[in-house]
Amino acid sequence: MKLNKFLLNNIFKSHSTKDKKKRVLPLDNSRKKSTLKKFLVFFVPLFLVLLISLYFISPLSKINSISVVGNNIVSKSYIKNKASVHVGDSVFKVIGKNKLLNEKLTKNNSQIKHANFKMNGINNVKIYIEQYKVIGYNSDKNNRAYPILESGKVLSSSVDNPNTDKLPYLVNFTNNEQRKYVVKVMNNLPSYIKNNIRVISFNPTSIFPDGLRLYMRDGNKVYVLISNFKSKMPYYHSIASKLKSKSVIKLEVGAYSYPQSNR
C-alpha cells in the first residue's frame, strides 16, 4: 500500500514538474519579445534622429559645386545670385524647389526662357539654362542696334557690329504688340525665307494702316500687311524664283510684281 502511494506521488510530481516547465518556457519567450520590442521602439527612432542630425551637420548636406550649362549670354554669377543658390548652402535650397527657382530667374531676366535645377550626385548642382534667341535688331534714330529676342522683347543695351550675324532689322515700329506679332511670324518662316530678310519696316499708309515693307538680301522688295504677313509671306520663294530681275512684290491685295527699274 505504501509502495503504491509512493509511486503515485512520484507520477503526479513528474507531471506537475513537466507542466511547470511548459508554462515557464512560453512566459520567458514572451518577456524576451516584449523587452526587445521596447528596445526597438525606443532606440530605432533615436538612431534615426542621430543619423539625420549627423547628415545635416556633415558636408554632404551642403552644396559642393554649381555648374551652369547653356548660358552663353547671361553670366554664371548672375544666375547664382538671382536664384540665391551658392556653394555651402543647404542642398534643400534646390531639392524640390525647381519650379520656384525657375520662376525667380525667368521673372528677373527676359533673356532666360527656362531654367532647370538638378542634383548631380549627392551635393553637386547643375543648372540648365535655355535662353531666348536673338532674332533681329531694333534700330533707333541714332542707328544704334538693340537686340530683339524671339519673344519679341527688345533689350535695353545696344550692341556693336550687329551685322556680323546677318540678322534682320525691324524699324519704325511704334506698337510693341505689332512688333511682337511680326517677330513671331518671321521666326516661324522657313529658314530660306527668314534668312533672306534684311529689313522689315513698318510703313503705314492711308489705304493700308498696317503696311510693311521688307527689303530682301536678294535685292527684292516685298509690300505686305501685318494682317496677312503670316498667310502670304510663305509664298515668297515660289514668286521670287520666277523673277528675271530685282522686283517689287506686292502682296497687300492679291499678288503681283514688277521690276524695280520700272519705277
# chains A, B, ... in the order shown; residues from 1 in each chain; ligands from 1
call {"tool": "residues_around", "arguments": {"residues": "stretch 178-187 of chain A", "least_positions_apart": "4", "cutoff": "12 Å", "atoms": "only C-alpha atoms", "output": "MDAnalysis selection string"}}
result
chainID A and resid 132:138 147:154 167:174 191:202 209:214 224:234
call {"tool": "select_by_dssp", "arguments": {"residues": "stretch 51-258 of chain A", "states": "strand (DSSP E or B)", "output": "PDB file with C-alpha atoms, in the first residue's frame"}}
result
ATOM      1  CA  LYS A  62      25.898  71.378 -48.247  1.00  0.00           C
ATOM      2  CA  SER A  65      29.719  72.810 -56.543  1.00  0.00           C
ATOM      3  CA  ILE A  66      27.452  74.629 -59.008  1.00  0.00           C
ATOM      4  CA  SER A  67      27.795  74.313 -62.774  1.00  0.00           C
ATOM      5  CA  VAL A  68      25.757  76.227 -65.349  1.00  0.00           C
ATOM      6  CA  VAL A  69      25.058  74.984 -68.891  1.00  0.00           C
ATOM      7  CA  SER A  90      21.904  73.540 -47.907  1.00  0.00           C
ATOM      8  CA  ILE A 112      16.067  83.394 -69.821  1.00  0.00           C
ATOM      9  CA  LYS A 113      13.357  81.208 -71.315  1.00  0.00           C
ATOM     10  CA  HIS A 114      13.617  78.318 -68.856  1.00  0.00           C
ATOM     11  CA  ALA A 115      15.904  77.101 -66.062  1.00  0.00           C
ATOM     12  CA  ASN A 116      16.150  73.551 -64.773  1.00  0.00           C
ATOM     13  CA  PHE A 117      17.921  72.818 -61.476  1.00  0.00           C
ATOM     14  CA  LYS A 118      19.175  69.252 -60.956  1.00  0.00           C
ATOM     15  CA  MET A 119      21.278  67.476 -58.350  1.00  0.00           C
ATOM     16  CA  ASN A 124      26.566  68.977 -56.724  1.00  0.00           C
ATOM     17  CA  VAL A 125      24.108  71.265 -58.504  1.00  0.00           C
ATOM     18  CA  LYS A 126      23.765  71.566 -62.284  1.00  0.00           C
ATOM     19  CA  ILE A 127      21.679  74.397 -63.766  1.00  0.00           C
ATOM     20  CA  TYR A 128      20.460  74.014 -67.342  1.00  0.00           C
ATOM     21  CA  ILE A 129      19.605  77.382 -68.934  1.00  0.00           C
ATOM     22  CA  GLU A 130      17.510  77.839 -72.078  1.00  0.00           C
ATOM     23  CA  GLN A 131      17.770  81.378 -73.427  1.00  0.00           C
ATOM     24  CA  VAL A 134      18.296  86.981 -80.663  1.00  0.00           C
ATOM     25  CA  ILE A 135      16.425  87.002 -83.987  1.00  0.00           C
ATOM     26  CA  GLY A 136      16.905  90.619 -85.095  1.00  0.00           C
ATOM     27  CA  TYR A 137      17.668  94.214 -84.131  1.00  0.00           C
ATOM     28  CA  ASN A 138      15.672  97.318 -83.456  1.00  0.00           C
ATOM     29  CA  SER A 139      17.331 100.481 -84.744  1.00  0.00           C
ATOM     30  CA  ALA A 145      21.128  98.421 -82.696  1.00  0.00           C
ATOM     31  CA  TYR A 146      19.182  96.818 -79.863  1.00  0.00           C
ATOM     32  CA  PRO A 147      18.754  93.012 -79.891  1.00  0.00           C
ATOM     33  CA  ILE A 148      15.242  91.658 -80.350  1.00  0.00           C
ATOM     34  CA  LEU A 149      14.584  88.303 -78.718  1.00  0.00           C
ATOM     35  CA  VAL A 154      13.750  94.449 -77.205  1.00  0.00           C
ATOM     36  CA  VAL A 159      25.359  96.094 -79.358  1.00  0.00           C
ATOM     37  CA  TYR A 169      16.480  94.921 -88.627  1.00  0.00           C
ATOM     38  CA  LEU A 170      12.945  95.813 -87.560  1.00  0.00           C
ATOM     39  CA  VAL A 171      12.470  99.566 -87.855  1.00  0.00           C
ATOM     40  CA  ILE A 197      15.134  89.179 -94.866  1.00  0.00           C
ATOM     41  CA  ARG A 198      17.421  92.175 -94.337  1.00  0.00           C
ATOM     42  CA  VAL A 199      14.960  94.825 -93.055  1.00  0.00           C
ATOM     43  CA  ILE A 200      11.309  94.849 -92.014  1.00  0.00           C
ATOM     44  CA  SER A 201       9.967  98.377 -91.911  1.00  0.00           C
ATOM     45  CA  PHE A 202       6.573  99.388 -90.550  1.00  0.00           C
ATOM     46  CA  GLY A 211       1.576  98.083 -94.087  1.00  0.00           C
ATOM     47  CA  LEU A 212       5.042  96.522 -94.042  1.00  0.00           C
ATOM     48  CA  ARG A 213       7.957  96.829 -96.430  1.00  0.00           C
ATOM     49  CA  LEU A 214      10.540  94.060 -96.493  1.00  0.00           C
ATOM     50  CA  TYR A 215      13.965  94.551 -98.042  1.00  0.00           C
ATOM     51  CA  MET A 216      15.373  91.181 -99.020  1.00  0.00           C
ATOM     52  CA  LYS A 221      11.270  94.352-102.035  1.00  0.00           C
ATOM     53  CA  VAL A 222       8.038  92.994-100.581  1.00  0.00           C
ATOM     54  CA  TYR A 223       4.948  95.049 -99.738  1.00  0.00           C
ATOM     55  CA  VAL A 224       2.701  93.139 -97.366  1.00  0.00           C
ATOM     56  CA  LEU A 225       0.356  93.800 -94.438  1.00  0.00           C
ATOM     57  CA  SER A 247      11.470  93.371-108.361  1.00  0.00           C
ATOM     58  CA  VAL A 248       8.814  94.779-106.077  1.00  0.00           C
ATOM     59  CA  ILE A 249       6.448  92.036-104.940  1.00  0.00           C
ATOM     60  CA  LYS A 250       3.100  93.419-103.813  1.00  0.00           C
ATOM     61  CA  TYR A 256       1.762  90.636-108.372  1.00  0.00           C
ATOM     62  CA  SER A 257       5.190  92.024-109.056  1.00  0.00           C
ATOM     63  CA  TYR A 258       7.043  94.439-111.326  1.00  0.00           C
TER      64      TYR A 258
END
call {"tool": "atom_distance", "arguments": {"atom1": "atom CA of A:Val74", "atom2": "atom CA of A:Asn102"}}
result
14.4 Å
call {"tool": "atom_distance", "arguments": {"atom1": "atom CA of A:Arg144", "atom2": "atom CA of A:Asn72"}}
result
22.4 Å
call {"tool": "closest_residue", "arguments": {"among": "A:Lys93, A:Ser245, A:Asn109, A:Leu189", "to": "A:Ser75", "atoms": "only C-alpha atoms"}}
result
A:Asn109
call {"tool": "atom_distance", "arguments": {"atom1": "atom CA of A:Pro204", "atom2": "atom CA of A:Asn188"}}
result
23.5 Å
